[in-house]
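Comments concern the structure below.
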Amino acid sequence: MNRLTHIFTLLIGILMLVACEKEIPFKGEVTKPKLVLNGNFSPDSAWNLHLSHSLSIGDTGRLRPVTNGILRIKDENGQVLTTLDHDSEGAYSSAIAKPEIGKTYFVEAEAPGYTTIKANDHVPAPITVTFVDSMTTSFLGEEETISMAG
């Protein structure tokens, strides 16, 4: 019985070392990469946005930043307020202009070989904090403090 156990264990070990791979052909439409614009903005800092491109489901490439783009910030009337400068690795910024509270901004991003994209958002008024509270809880022997504001 002991010898049978060793042989069985050896067979299981050999089976675990064997790898199987099945390639499933993709018959869907492989789309061309699109520009992807990420960022946040607030009135207390300059514009900072990041431009990269999407990957399709069948793409085996790496997600790379787009470094040759043109990013424009426009007002509600379509007037260009500033054009962002490329810093590094797809990061674009402008030290000249800052967003203002209550205004809506439109961002237009373009780069050679991509379709131009547009987005808009507005800067809300600051939130007034009326109270701050905290409590301490114990979970699995660890104490943790939870803070809440409203």
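Quick note on naming: the chains in the structure tokens go A, B, ... in the order shown, residues restart at 1 in each chain, and ligands are numbered from 1 in order of appearance.
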Near Leu37 in chain A, counting only C-alpha atoms, which residues have an atom at most 10 Å away, once you skip same-chain residues fewer than 2 positions from it, shown as an MDAnalysis selection string?
-> chainID A and resid 34:35 39 49:54 66 71 90 107:109 117:119
Keeping only C-alpha atoms, write the selected residues to a file as a tab-separated table (two decimals), in the first residue's frame.
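Just written: again-v5.tsv:
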chain	number	residue	atom	x	y	z
A	34	LYS	CA	-8.80	55.34	-29.15
A	35	LEU	CA	-7.50	58.21	-27.09
A	39	GLY	CA	-7.45	63.68	-14.90
A	49	LEU	CA	-4.35	65.63	-17.40
A	50	HIS	CA	-3.02	62.33	-18.73
A	51	LEU	CA	-3.40	61.08	-22.31
A	52	SER	CA	-3.00	57.44	-23.33
A	53	HIS	CA	-4.74	55.06	-25.71
A	54	SER	CA	-7.06	52.09	-25.36
A	66	VAL	CA	0.42	59.44	-25.97
A	71	LEU	CA	-4.97	69.23	-25.36
A	90	GLY	CA	1.59	61.38	-21.33
A	107	VAL	CA	-11.41	69.57	-23.02
A	108	GLU	CA	-10.47	68.63	-26.56
A	109	ALA	CA	-7.67	66.11	-27.14
A	117	ILE	CA	-12.09	63.26	-28.28
A	118	LYS	CA	-14.01	65.82	-26.26
A	119	ALA	CA	-15.15	65.95	-22.64
Give me every strand (DSSP E or B) residue in range 38-140 of chain A, going by DSSP on the backbone, as a PyMOL selection string.
-> chain A and resi 38-39+47-53+65+70-74+80-88+91-94+104-110+117-122+132-139
Leaving out range 125-129 of chain A and any residue of its chain fewer than 5 positions from it, which residues lie within 12 Å of it when counting only C-alpha atoms, given as a count of residues only?
-> 12
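The residue that comes closest to Val123 in chain A, out of A:Thr60, A:Asn40, A:Ser147, A:Thr9 and on the basis of only C-alpha atoms, is A:Asn40.
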Which of chain A counts as alpha helix (DSSP H) under DSSP, as a VMD selection string please?
-> chain A and resid 2 to 17
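The coordinates place CA of Ser94 in chain A at 6.0 Å from CA of Ala46 in chain A.
Across the model, the gap from CA of Arg72 in chain A to CA of Tyr114 in chain A is 15.7 Å.
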